[in-house]
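Structure file work.cif; described as mmCIF, C-alpha atoms and all ligand atoms.
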```cif
data_entry
#
loop_
_atom_site.label_atom_id
_atom_site.label_comp_id
_atom_site.auth_asym_id
_atom_site.auth_seq_id
_atom_site.Cartn_x
_atom_site.Cartn_y
_atom_site.Cartn_z
CA MET T 1 -5.61 -11.91 -4.38
CA SER T 2 -7.94 -9.03 -4.49
CA GLY T 3 -11.02 -8.71 -2.46
CA CYS T 4 -11.99 -11.19 0.13
CA ARG T 5 -10.78 -14.71 0.20
CA THR T 6 -12.58 -15.52 3.39
CA ALA T 7 -15.50 -17.70 4.24
CA ARG T 8 -17.33 -14.55 5.21
CA CYS T 9 -16.93 -12.91 1.86
CA SER T 10 -16.84 -15.79 -0.57
CA TRP T 11 -19.56 -17.99 0.84
CA SER T 12 -22.08 -16.66 -1.65
CA ALA T 13 -20.19 -18.24 -4.48
CA THR T 14 -19.64 -21.53 -2.74
CA ARG T 15 -22.14 -22.05 0.07
CA ARG T 16 -25.67 -21.21 0.95
CA ARG T 17 -25.35 -20.83 4.69
CA PRO T 18 -23.65 -17.74 6.06
CA TRP T 19 -21.17 -17.87 8.93
CA PRO T 20 -21.88 -21.36 10.28
CA ALA T 21 -19.05 -21.10 12.80
CA LEU T 22 -20.90 -18.44 14.77
CA ASP T 23 -23.69 -20.91 15.55
CA ALA T 24 -21.28 -22.77 17.80
CA PHE T 25 -21.08 -19.89 20.31
CA THR T 26 -23.53 -19.35 23.12
CA TYR T 27 -24.78 -15.78 23.23
CA PRO T 28 -22.71 -14.76 26.28
CA GLU T 29 -19.60 -16.23 24.62
CA LEU T 30 -20.36 -14.43 21.41
CA LYS T 31 -20.83 -11.16 23.25
CA GLU T 32 -17.43 -11.50 24.93
CA ALA T 33 -15.84 -12.47 21.61
CA VAL T 34 -17.27 -9.36 19.98
CA ARG T 35 -15.94 -7.24 22.82
CA PHE T 36 -12.51 -8.89 22.62
CA ILE T 37 -12.24 -8.37 18.86
CA LEU T 38 -13.32 -4.73 18.97
CA ASP T 39 -10.90 -4.12 21.84
CA ASP T 40 -7.88 -6.13 20.73
CA PHE T 41 -8.01 -5.84 16.96
CA TYR T 42 -9.30 -2.28 16.75
CA LEU T 43 -9.22 -0.02 19.82
CA LYS T 44 -5.69 -1.08 20.79
CA ARG T 45 -4.64 -0.49 17.19
CA GLY T 46 -5.95 3.05 17.24
CA VAL T 47 -9.27 2.48 15.51
CA THR T 48 -12.15 4.50 16.89
CA THR T 49 -14.98 3.53 14.50
CA VAL T 50 -15.43 0.11 12.90
CA SER T 51 -17.61 -0.24 9.82
CA ASP T 52 -18.76 -3.81 10.26
CA LEU T 53 -20.59 -6.50 8.35
CA SER T 54 -21.80 -8.78 11.10
CA THR T 55 -24.80 -10.87 11.99
CA PRO T 56 -27.88 -9.47 13.73
CA THR T 57 -26.81 -11.41 16.84
CA ALA T 58 -23.43 -9.69 16.86
CA TYR T 59 -25.20 -6.33 16.58
CA ARG T 60 -27.41 -7.30 19.50
CA ALA T 61 -24.24 -8.11 21.44
CA MET T 62 -22.87 -4.66 20.63
CA GLN T 63 -26.06 -3.06 21.92
CA ASP T 64 -25.80 -5.05 25.16
CA LEU T 65 -22.13 -4.16 25.54
CA ARG T 66 -23.05 -0.55 25.05
CA LYS T 67 -25.68 -0.74 27.82
CA GLU T 68 -23.04 -2.25 30.08
CA GLY T 69 -20.62 0.53 29.17
CA ARG T 70 -18.24 -2.01 27.62
CA LEU T 71 -18.47 -1.35 23.89
CA PRO T 72 -14.81 -0.70 22.94
CA THR T 73 -15.31 1.26 19.70
CA ARG T 74 -18.03 2.94 17.72
CA VAL T 75 -19.60 0.65 15.15
CA ARG T 76 -21.36 1.28 11.88
CA MET T 77 -23.65 -1.67 11.36
CA ASN T 78 -23.94 -2.75 7.73
CA TYR T 79 -26.36 -5.44 6.68
CA PHE T 80 -25.62 -8.28 4.35
CA VAL T 81 -28.62 -9.04 2.13
CA ARG T 82 -28.72 -12.06 -0.14
CA ASP T 83 -32.18 -12.16 -1.67
CA PRO T 84 -35.58 -10.45 -1.87
CA LYS T 85 -36.77 -12.24 1.27
CA MET T 86 -33.94 -10.85 3.38
CA LEU T 87 -34.63 -7.45 1.89
CA ASP T 88 -38.30 -7.81 2.92
CA MET T 89 -37.15 -8.18 6.52
CA VAL T 90 -34.82 -5.20 6.32
CA GLU T 91 -37.60 -3.11 4.77
CA ALA T 92 -40.18 -4.28 7.30
CA SER T 93 -37.93 -3.07 10.13
CA GLY T 94 -38.41 0.50 8.91
CA VAL T 95 -34.78 1.22 9.69
CA THR T 96 -32.45 2.89 7.19
CA THR T 97 -28.91 4.21 6.91
CA GLY T 98 -28.01 6.79 9.51
CA LEU T 99 -30.40 5.78 12.28
CA GLY T 100 -28.68 5.46 15.62
CA ASP T 101 -26.23 7.54 17.57
CA ASP T 102 -22.50 8.18 17.64
CA TRP T 103 -21.80 4.73 19.09
CA LEU T 104 -24.04 2.44 17.07
CA ARG T 105 -25.43 3.55 13.77
CA PHE T 106 -26.99 1.71 10.85
CA GLY T 107 -24.78 1.72 7.79
CA ALA T 108 -25.34 0.30 4.33
CA VAL T 109 -27.05 -2.70 2.84
CA LYS T 110 -24.46 -4.93 1.17
CA PHE T 111 -25.09 -7.30 -1.70
CA PHE T 112 -22.60 -9.74 -3.21
CA ALA T 113 -22.48 -9.65 -7.00
CA ASP T 114 -19.64 -12.14 -7.46
CA GLY T 115 -16.81 -13.98 -5.73
CA VAL T 116 -13.05 -13.60 -5.38
CA TRP T 117 -10.30 -12.65 -7.79
CA GLY T 118 -8.80 -15.46 -9.84
CA THR T 119 -11.57 -18.01 -9.39
CA THR T 120 -15.14 -16.88 -8.78
CA ALA T 121 -15.04 -13.16 -9.58
CA ALA T 122 -17.05 -12.39 -12.73
CA VAL T 123 -14.72 -11.26 -15.51
CA TYR T 124 -15.04 -10.85 -19.30
CA LYS T 125 -11.87 -12.71 -20.24
CA PRO T 126 -10.73 -15.97 -18.61
CA PHE T 127 -8.44 -15.75 -15.61
CA TRP T 128 -4.73 -16.15 -16.02
CA ASN T 129 -3.28 -19.40 -14.70
CA GLY T 130 -1.56 -18.09 -11.60
CA SER T 131 -4.06 -15.50 -10.48
CA GLY T 132 -6.12 -17.92 -8.44
CA THR T 133 -5.63 -20.80 -6.07
CA THR T 134 -7.99 -23.18 -7.84
CA TRP T 135 -7.52 -22.13 -11.42
CA MET T 136 -9.55 -23.76 -14.19
CA PRO T 137 -9.14 -23.19 -17.93
CA ASN T 138 -11.56 -20.75 -19.59
CA ASN T 139 -13.03 -19.74 -16.25
CA THR T 140 -14.71 -16.34 -16.25
CA GLY T 141 -16.19 -16.66 -12.76
CA GLY T 142 -19.83 -16.10 -12.04
CA VAL T 143 -22.45 -13.70 -10.74
CA ASN T 144 -25.01 -14.31 -8.04
CA TYR T 145 -27.81 -12.47 -9.87
CA ASP T 146 -28.86 -11.72 -13.39
CA GLN T 147 -28.97 -8.04 -14.29
CA GLU T 148 -32.70 -7.71 -13.78
CA THR T 149 -32.65 -9.23 -10.30
CA LEU T 150 -29.67 -7.12 -9.25
CA ASN T 151 -31.39 -3.98 -10.55
CA LYS T 152 -34.49 -4.78 -8.53
CA LEU T 153 -32.60 -5.51 -5.31
CA VAL T 154 -30.48 -2.38 -5.58
CA LEU T 155 -33.47 -0.18 -6.46
CA ARG T 156 -35.50 -1.48 -3.53
CA ALA T 157 -32.76 -0.90 -0.96
CA TYR T 158 -31.95 2.47 -2.50
CA GLN T 159 -35.56 3.62 -2.56
CA ALA T 160 -36.02 2.53 1.03
CA GLY T 161 -33.32 5.06 1.89
CA TRP T 162 -30.34 2.78 2.37
CA GLN T 163 -26.82 3.41 1.26
CA VAL T 164 -26.03 0.51 -1.05
CA GLN T 165 -22.69 -1.23 -1.37
CA VAL T 166 -22.04 -4.20 -3.61
CA HIS T 167 -19.18 -6.65 -3.47
CA ALA T 168 -17.90 -6.86 -7.06
CA ASN T 169 -14.36 -8.09 -7.70
CA GLY T 170 -14.51 -8.81 -11.41
CA ASP T 171 -14.93 -6.27 -14.22
CA ARG T 172 -18.06 -7.99 -15.53
CA ALA T 173 -19.67 -7.86 -12.07
CA GLN T 174 -18.61 -4.24 -11.61
CA ASP T 175 -20.27 -3.23 -14.87
CA MET T 176 -23.47 -4.96 -13.77
CA VAL T 177 -23.40 -3.10 -10.48
CA LEU T 178 -22.90 0.20 -12.29
CA THR T 179 -25.85 -0.59 -14.54
CA ALA T 180 -27.97 -1.27 -11.45
CA TYR T 181 -26.77 1.94 -9.77
CA GLU T 182 -27.48 4.02 -12.86
CA ALA T 183 -30.96 2.53 -13.18
CA ALA T 184 -31.71 3.24 -9.51
CA GLN T 185 -30.51 6.82 -9.74
CA LYS T 186 -32.55 7.33 -12.88
CA ALA T 187 -35.69 5.88 -11.32
CA ALA T 188 -35.37 7.85 -8.08
CA PRO T 189 -32.69 10.55 -8.32
CA ARG T 190 -30.92 11.17 -5.03
CA LYS T 191 -28.22 13.79 -4.78
CA ASP T 192 -25.94 12.27 -2.22
CA ALA T 193 -26.37 8.49 -2.46
CA ARG T 194 -22.71 7.50 -1.95
CA LEU T 195 -23.15 4.15 -3.64
CA ARG T 196 -20.10 1.93 -3.23
CA ILE T 197 -18.34 -0.90 -4.99
CA GLU T 198 -16.44 -3.05 -2.53
CA HIS T 199 -13.11 -4.56 -3.61
CA PHE T 200 -12.83 -2.35 -6.68
CA ALA T 201 -9.16 -3.17 -6.69
CA HIS T 202 -7.83 -4.36 -10.02
CA PHE T 203 -7.71 -2.65 -13.37
CA LEU T 204 -7.54 -4.91 -16.37
CA VAL T 205 -5.28 -2.96 -18.65
CA GLN T 206 -5.65 -5.63 -21.33
CA ASP T 207 -9.10 -4.11 -21.72
CA PRO T 208 -8.31 -0.37 -21.72
CA GLU T 209 -11.53 0.83 -23.32
CA ARG T 210 -13.83 -0.99 -20.99
CA THR T 211 -11.68 0.00 -18.00
CA GLU T 212 -11.79 3.66 -19.02
CA GLU T 213 -15.54 3.54 -19.58
CA ARG T 214 -16.04 1.91 -16.19
CA LEU T 215 -14.04 4.62 -14.44
CA GLN T 216 -16.00 7.34 -16.19
CA ARG T 217 -19.29 5.73 -15.21
CA MET T 218 -18.02 5.52 -11.61
CA LYS T 219 -17.18 9.22 -11.68
CA ARG T 220 -20.47 10.27 -13.31
CA SER T 221 -22.50 8.47 -10.66
CA ASN T 222 -20.14 9.46 -7.81
CA VAL T 223 -19.64 5.82 -6.95
CA ILE T 224 -17.17 5.24 -4.13
CA ILE T 225 -14.27 2.89 -4.83
CA SER T 226 -13.64 0.76 -1.77
CA PRO T 227 -10.31 -1.11 -1.97
CA GLN T 228 -8.41 -3.11 0.66
CA VAL T 229 -4.74 -2.41 0.03
CA ALA T 230 -3.64 -4.81 2.77
CA PHE T 231 -4.23 -7.60 0.23
CA LEU T 232 -1.08 -6.44 -1.58
CA TRP T 233 0.90 -7.98 1.26
CA ARG T 234 -0.20 -11.51 0.44
CA LEU T 235 0.28 -11.47 -3.34
CA THR T 236 2.65 -14.30 -4.24
CA ASP T 237 5.53 -13.91 -6.66
CA VAL T 238 3.41 -15.86 -9.16
CA ASN T 239 0.36 -13.63 -8.58
CA VAL T 240 2.29 -10.45 -9.29
CA ARG T 241 3.39 -11.72 -12.68
CA GLU T 242 -0.19 -11.60 -13.90
CA PRO T 243 -0.05 -9.74 -17.21
CA ASP T 244 -2.32 -6.82 -18.02
CA VAL T 245 -3.43 -6.21 -14.45
CA LYS T 246 -2.91 -3.20 -12.22
CA PHE T 247 -3.11 -4.29 -8.59
CA PHE T 248 -4.71 -1.75 -6.27
CA PRO T 249 -3.79 1.20 -8.51
CA MET T 250 -4.26 3.72 -5.73
CA LYS T 251 -2.35 6.54 -7.37
CA THR T 252 -4.43 6.32 -10.53
CA ILE T 253 -7.65 6.24 -8.51
CA ILE T 254 -6.71 9.21 -6.34
CA ASP T 255 -5.32 11.21 -9.28
CA ARG T 256 -8.71 10.82 -10.95
CA GLY T 257 -10.36 12.48 -8.01
CA PHE T 258 -11.71 9.46 -6.14
CA ARG T 259 -11.43 9.50 -2.37
CA PRO T 260 -11.21 5.81 -1.49
CA PRO T 261 -11.93 4.79 2.09
CA GLY T 262 -9.42 2.57 3.84
CA GLY T 263 -10.83 -0.85 4.52
CA VAL T 264 -9.30 -4.15 5.53
CA ASP T 265 -11.77 -6.99 4.98
CA THR T 266 -10.38 -8.16 8.32
CA VAL T 267 -10.37 -11.92 8.18
CA GLY T 268 -9.46 -12.05 4.51
CA THR T 269 -6.37 -9.92 4.81
CA GLN T 270 -5.02 -11.45 8.05
CA ASN T 271 -5.96 -10.02 11.40
CA PHE T 272 -2.87 -7.87 11.94
CA ALA T 273 -4.08 -5.80 8.99
CA THR T 274 -6.63 -4.12 11.24
CA TYR T 275 -3.86 -1.76 12.31
CA PRO T 276 -4.42 1.10 9.84
CA MET T 277 -0.70 1.85 9.67
CA PHE T 278 -0.23 -1.65 8.24
CA SER T 279 -2.50 -0.84 5.31
CA ILE T 280 -1.03 2.64 4.92
CA ALA T 281 2.44 1.07 4.76
CA ARG T 282 1.29 -1.22 1.93
CA ALA T 283 -0.26 1.67 -0.01
CA VAL T 284 2.96 3.64 0.38
CA ASN T 285 5.53 0.85 -0.10
CA ARG T 286 3.54 -1.61 -2.26
CA ASP T 287 5.51 -4.51 -0.84
CA THR T 288 4.46 -8.12 -0.39
CA LYS T 289 5.45 -10.36 2.50
CA PHE T 290 7.77 -12.10 0.04
CA GLY T 291 9.68 -8.86 -0.46
CA THR T 292 8.42 -8.03 -3.93
CA ILE T 293 7.50 -4.46 -4.82
CA VAL T 294 4.28 -4.44 -6.85
CA GLN T 295 3.91 -1.72 -9.50
CA PRO T 296 5.69 1.03 -7.52
CA GLU T 297 4.27 3.70 -9.83
CA GLU T 298 0.95 3.22 -8.00
CA ALA T 299 2.43 4.16 -4.59
CA ILE T 300 0.72 7.01 -2.75
CA SER T 301 1.91 9.48 -0.12
CA VAL T 302 1.68 8.75 3.59
CA MET T 303 -0.73 11.68 3.90
CA ASP T 304 -3.10 10.19 1.33
CA GLY T 305 -2.82 6.86 3.15
CA ILE T 306 -3.85 8.63 6.37
CA ARG T 307 -6.75 10.31 4.55
CA MET T 308 -7.96 6.89 3.41
CA PHE T 309 -8.30 5.74 7.01
CA THR T 310 -9.68 8.98 8.41
CA ILE T 311 -11.63 11.58 6.46
CA TRP T 312 -12.20 9.54 3.30
CA SER T 313 -13.49 6.64 5.40
CA ALA T 314 -15.77 8.99 7.28
CA GLU T 315 -17.15 10.30 3.97
CA ALA T 316 -17.72 6.81 2.57
CA ASN T 317 -19.78 6.09 5.69
CA PHE T 318 -21.74 9.39 5.91
CA LEU T 319 -19.85 10.27 9.10
CA GLU T 320 -17.69 13.22 8.04
CA LYS T 321 -19.85 15.82 9.76
CA ASP T 322 -18.74 14.60 13.18
CA PHE T 323 -15.77 12.31 12.50
CA GLY T 324 -12.75 11.80 10.27
CA SER T 325 -10.66 14.84 11.18
CA ILE T 326 -9.59 16.76 14.25
CA GLU T 327 -11.57 19.98 14.00
CA VAL T 328 -13.50 22.30 16.25
CA GLY T 329 -17.06 21.03 16.53
CA LYS T 330 -16.27 17.41 15.72
CA VAL T 331 -16.23 14.50 18.15
CA ALA T 332 -12.82 14.17 19.84
CA ASP T 333 -11.81 10.74 18.52
CA PHE T 334 -8.17 10.25 17.61
CA VAL T 335 -5.08 8.12 17.99
CA VAL T 336 -1.73 9.14 19.44
CA LEU T 337 1.13 7.37 17.68
CA ALA T 338 4.59 6.96 19.20
CA GLN T 339 6.22 8.46 16.10
CA ASP T 340 5.23 10.88 13.39
CA PRO T 341 4.31 8.80 10.32
CA LEU T 342 5.20 11.72 8.05
CA THR T 343 8.85 11.58 9.16
CA THR T 344 9.22 7.87 10.00
CA PRO T 345 11.19 5.86 7.39
CA LYS T 346 8.62 4.34 5.04
CA ALA T 347 9.85 0.81 5.72
CA LYS T 348 9.03 1.28 9.42
CA LEU T 349 5.52 2.72 9.11
CA ALA T 350 3.75 -0.46 10.19
CA ASP T 351 5.96 -0.74 13.29
CA ILE T 352 4.91 2.56 14.85
CA PRO T 353 3.32 1.72 18.21
CA VAL T 354 -0.05 3.13 19.24
CA ASP T 355 0.44 5.13 22.44
CA MET T 356 -3.17 6.10 23.06
CA THR T 357 -6.62 5.84 21.58
CA ILE T 358 -8.97 8.67 22.56
CA LEU T 359 -12.74 8.41 22.24
CA ASP T 360 -14.94 11.40 22.98
CA GLY T 361 -11.95 13.17 24.48
CA LYS T 362 -11.44 10.36 26.98
CA LEU T 363 -8.57 7.91 27.22
CA ALA T 364 -9.94 4.60 25.93
CA TYR T 365 -6.61 2.80 25.53
CA ALA T 366 -3.07 3.50 26.69
CA ARG T 367 0.01 1.42 25.93
ZN ZN N 401 -16.73 -8.52 0.20
#
```
As a first step, turn the structure in this file into structure tokens.
Amino acid sequence: MSGCRTARCSWSATRRRPWPALDAFTYPELKEAVRFILDDFYLKRGVTTVSDLSTPTAYRAMQDLRKEGRLPTRVRMNYFVRDPKMLDMVEASGVTTGLGDDWLRFGAVKFFADGVWGTTAAVYKPFWNGSGTTWMPNNTGGVNYDQETLNKLVLRAYQAGWQVQVHANGDRAQDMVLTAYEAAQKAAPRKDARLRIEHFAHFLVQDPERTEERLQRMKRSNVIISPQVAFLWRLTDVNVREPDVKFFPMKTIIDRGFRPPGGVDTVGTQNFATYPMFSIARAVNRDTKFGTIVQPEEAISVMDGIRMFTIWSAEANFLEKDFGSIEVGKVADFVVLAQDPLTTPKAKLADIPVDMTILDGKLAYAR
């Protein structure tokens, strides 16, 4: 339910070869596919900057598209790193977070600490029968690294100057990531590291002490919580009965002073979720596609939903100096919606059409 359930995001728990499907494309085909996705799934849905986790070949395609003047959106290129050898290559390149320009910029290094909620995420107490698709008794998931290895990987990427983000769905994995982050910050203090935990989306209220401690550690180290609220939409009526779990408790997170970026985990959440208003509608309405309202006390305002997909996203990606709000001195990127989301009935938020997407003050898409 939470976090990614896609081949892209869960392969580390199940396979040892990333993204095999991409091998089937020729390079020119891949380049056109990248252009199509950025155009159809993002630009036309009002997205001006995509924070991506793609292959080096896809990033090459984006560079070529850019040279041809055909790159539909800005892209922040994050790198997936599995092991010390991949990190060697990243280090040897001499590149770090922030290098690039307004169109293509290097983002974070991403590690995967565990798998997906209900099956392979690393938790302290066994999963509830009903939280996962392939439930097994007494299953507490698993981690991809022991603590020492994770500490070393995180420290290396961090010391090389990278922003670090770690996929950690389960509470046990999240605590390991926090331990690694704290060790890195102790070894080489950096004021504005903006370390992130991806899919930090469920609170286990059956474990209030550990949950509270985790949140306080997150706050102390200024760790960014990166949830994907669109996943709420696909929770089944069995899933939502899971006891002792808060699903995407956005209100609690925001009330505690976190500024979570809006993300979608595109393939995992279903491709229509790339329309930010879809995710904002879920954060506001907390409804599933089966019509169930999930823990309505965690609903947030439309304005906070908009912040998630604009300024808070910019901050989580080190882009807020030039992006994330319409202000004098910033780049003129914005979307024109057919209706005002602040006055549209909440049930209709996801239906608001995109009239225009503006990039650099120029019309990039018109309905
Ligand atoms: Zn992930």
Query raised in the report: Do you know which residues are at most 9 Å from range 343-349 of chain T counting only C-alpha atoms, after dropping those on the same chain fewer than 4 positions away, and could you put them as a VMD selection string?
Result: chain T and resid 277 to 278 280 to 281 284 to 285 302 339
**Report entry** Selection near range 305-310 of chain T, 7 Å with only C-alpha atoms, sequence-local residues under 5 positions removed, as a PyMOL selection string
**Finding:** chain T and resi 260-262+276+280+283+300+324-325
Requested in this report: Tell me which of T:Met62, T:Val164, T:Val123, T:Leu319 sits closest to Phe80 in chain T, counting all atoms listed in the file.
Outcome: T:Val164
Report task. Can you work out which one of T:Arg196, T:Arg74, T:Lys67, T:Arg217 has the shortest atom-to-atom distance to ligand ZN 401 (chain N), counting all atoms listed in the file? Result ->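 Smallest separation from ligand ZN 401 (chain N) among the options: T:Arg196.
Across the structure, CA of Ala316 in chain T and CA of Gly46 in chain T are spaced 19.2 Å apart.
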Query - 12 Å contact set for range 202-211 of chain T, all atoms listed in the file, chain neighbours under 5 positions out, as number ranges by chain - result: T: 1-3, 116-118, 121, 123-128, 131, 168-172, 174-175, 216-218, 225-229, 231-232, 240, 242-250, 252-253, 298
Let's have the selection written as a PDB file, keeping the file's coordinate frame, with C-alpha atoms.
```
ATOM      1  CA  MET T   1      -5.610 -11.910  -4.380  1.00  0.00           C
ATOM      2  CA  SER T   2      -7.940  -9.030  -4.490  1.00  0.00           C
ATOM      3  CA  GLY T   3     -11.020  -8.710  -2.460  1.00  0.00           C
ATOM      4  CA  VAL T 116     -13.050 -13.600  -5.380  1.00  0.00           C
ATOM      5  CA  TRP T 117     -10.300 -12.650  -7.790  1.00  0.00           C
ATOM      6  CA  GLY T 118      -8.800 -15.460  -9.840  1.00  0.00           C
ATOM      7  CA  ALA T 121     -15.040 -13.160  -9.580  1.00  0.00           C
ATOM      8  CA  VAL T 123     -14.720 -11.260 -15.510  1.00  0.00           C
ATOM      9  CA  TYR T 124     -15.040 -10.850 -19.300  1.00  0.00           C
ATOM     10  CA  LYS T 125     -11.870 -12.710 -20.240  1.00  0.00           C
ATOM     11  CA  PRO T 126     -10.730 -15.970 -18.610  1.00  0.00           C
ATOM     12  CA  PHE T 127      -8.440 -15.750 -15.610  1.00  0.00           C
ATOM     13  CA  TRP T 128      -4.730 -16.150 -16.020  1.00  0.00           C
ATOM     14  CA  SER T 131      -4.060 -15.500 -10.480  1.00  0.00           C
ATOM     15  CA  ALA T 168     -17.900  -6.860  -7.060  1.00  0.00           C
ATOM     16  CA  ASN T 169     -14.360  -8.090  -7.700  1.00  0.00           C
ATOM     17  CA  GLY T 170     -14.510  -8.810 -11.410  1.00  0.00           C
ATOM     18  CA  ASP T 171     -14.930  -6.270 -14.220  1.00  0.00           C
ATOM     19  CA  ARG T 172     -18.060  -7.990 -15.530  1.00  0.00           C
ATOM     20  CA  GLN T 174     -18.610  -4.240 -11.610  1.00  0.00           C
ATOM     21  CA  ASP T 175     -20.270  -3.230 -14.870  1.00  0.00           C
ATOM     22  CA  GLN T 216     -16.000   7.340 -16.190  1.00  0.00           C
ATOM     23  CA  ARG T 217     -19.290   5.730 -15.210  1.00  0.00           C
ATOM     24  CA  MET T 218     -18.020   5.520 -11.610  1.00  0.00           C
ATOM     25  CA  ILE T 225     -14.270   2.890  -4.830  1.00  0.00           C
ATOM     26  CA  SER T 226     -13.640   0.760  -1.770  1.00  0.00           C
ATOM     27  CA  PRO T 227     -10.310  -1.110  -1.970  1.00  0.00           C
ATOM     28  CA  GLN T 228      -8.410  -3.110   0.660  1.00  0.00           C
ATOM     29  CA  VAL T 229      -4.740  -2.410   0.030  1.00  0.00           C
ATOM     30  CA  PHE T 231      -4.230  -7.600   0.230  1.00  0.00           C
ATOM     31  CA  LEU T 232      -1.080  -6.440  -1.580  1.00  0.00           C
ATOM     32  CA  VAL T 240       2.290 -10.450  -9.290  1.00  0.00           C
ATOM     33  CA  GLU T 242      -0.190 -11.600 -13.900  1.00  0.00           C
ATOM     34  CA  PRO T 243      -0.050  -9.740 -17.210  1.00  0.00           C
ATOM     35  CA  ASP T 244      -2.320  -6.820 -18.020  1.00  0.00           C
ATOM     36  CA  VAL T 245      -3.430  -6.210 -14.450  1.00  0.00           C
ATOM     37  CA  LYS T 246      -2.910  -3.200 -12.220  1.00  0.00           C
ATOM     38  CA  PHE T 247      -3.110  -4.290  -8.590  1.00  0.00           C
ATOM     39  CA  PHE T 248      -4.710  -1.750  -6.270  1.00  0.00           C
ATOM     40  CA  PRO T 249      -3.790   1.200  -8.510  1.00  0.00           C
ATOM     41  CA  MET T 250      -4.260   3.720  -5.730  1.00  0.00           C
ATOM     42  CA  THR T 252      -4.430   6.320 -10.530  1.00  0.00           C
ATOM     43  CA  ILE T 253      -7.650   6.240  -8.510  1.00  0.00           C
ATOM     44  CA  GLU T 298       0.950   3.220  -8.000  1.00  0.00           C
TER      45      GLU T 298
END
```
Query - Two-atom distance - CA of Gly141 in chain T, CA of Thr119 in chain T (Å) - result: 5.9 Å
Query raised in the report: Which residue gives the smallest distance to ligand ZN 401 (chain N) among T:Thr133, T:Ser51, T:Gln165, T:Thr97, with all atoms listed in the file counted?
Result: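 When distances to ligand ZN 401 (chain N) are compared using all atoms listed in the file, the smallest one comes from T:Gln165.
Distances to Ala108 in chain T were evaluated for T:Val177, T:Ala332, T:Val154, T:Ile311 using all atoms listed in the file, and the minimum falls at T:Val154.
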Query - Which residue of T:Leu155, T:Leu195, T:Leu215, T:Leu53 approaches ligand ZN 401 (chain N) most closely, using all atoms listed in the file - result: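 Closest to ligand ZN 401 (chain N), using all atoms listed in the file: T:Leu53.
Put simply, CA of Asp355 in chain T is 20.7 Å away from CA of Arg70 in chain T.
Counting only C-alpha atoms and comparing T:Asp83, T:Asp102, T:Asp64, T:Glu213, the residue that lies closest to Leu153 in chain T is T:Asp83.
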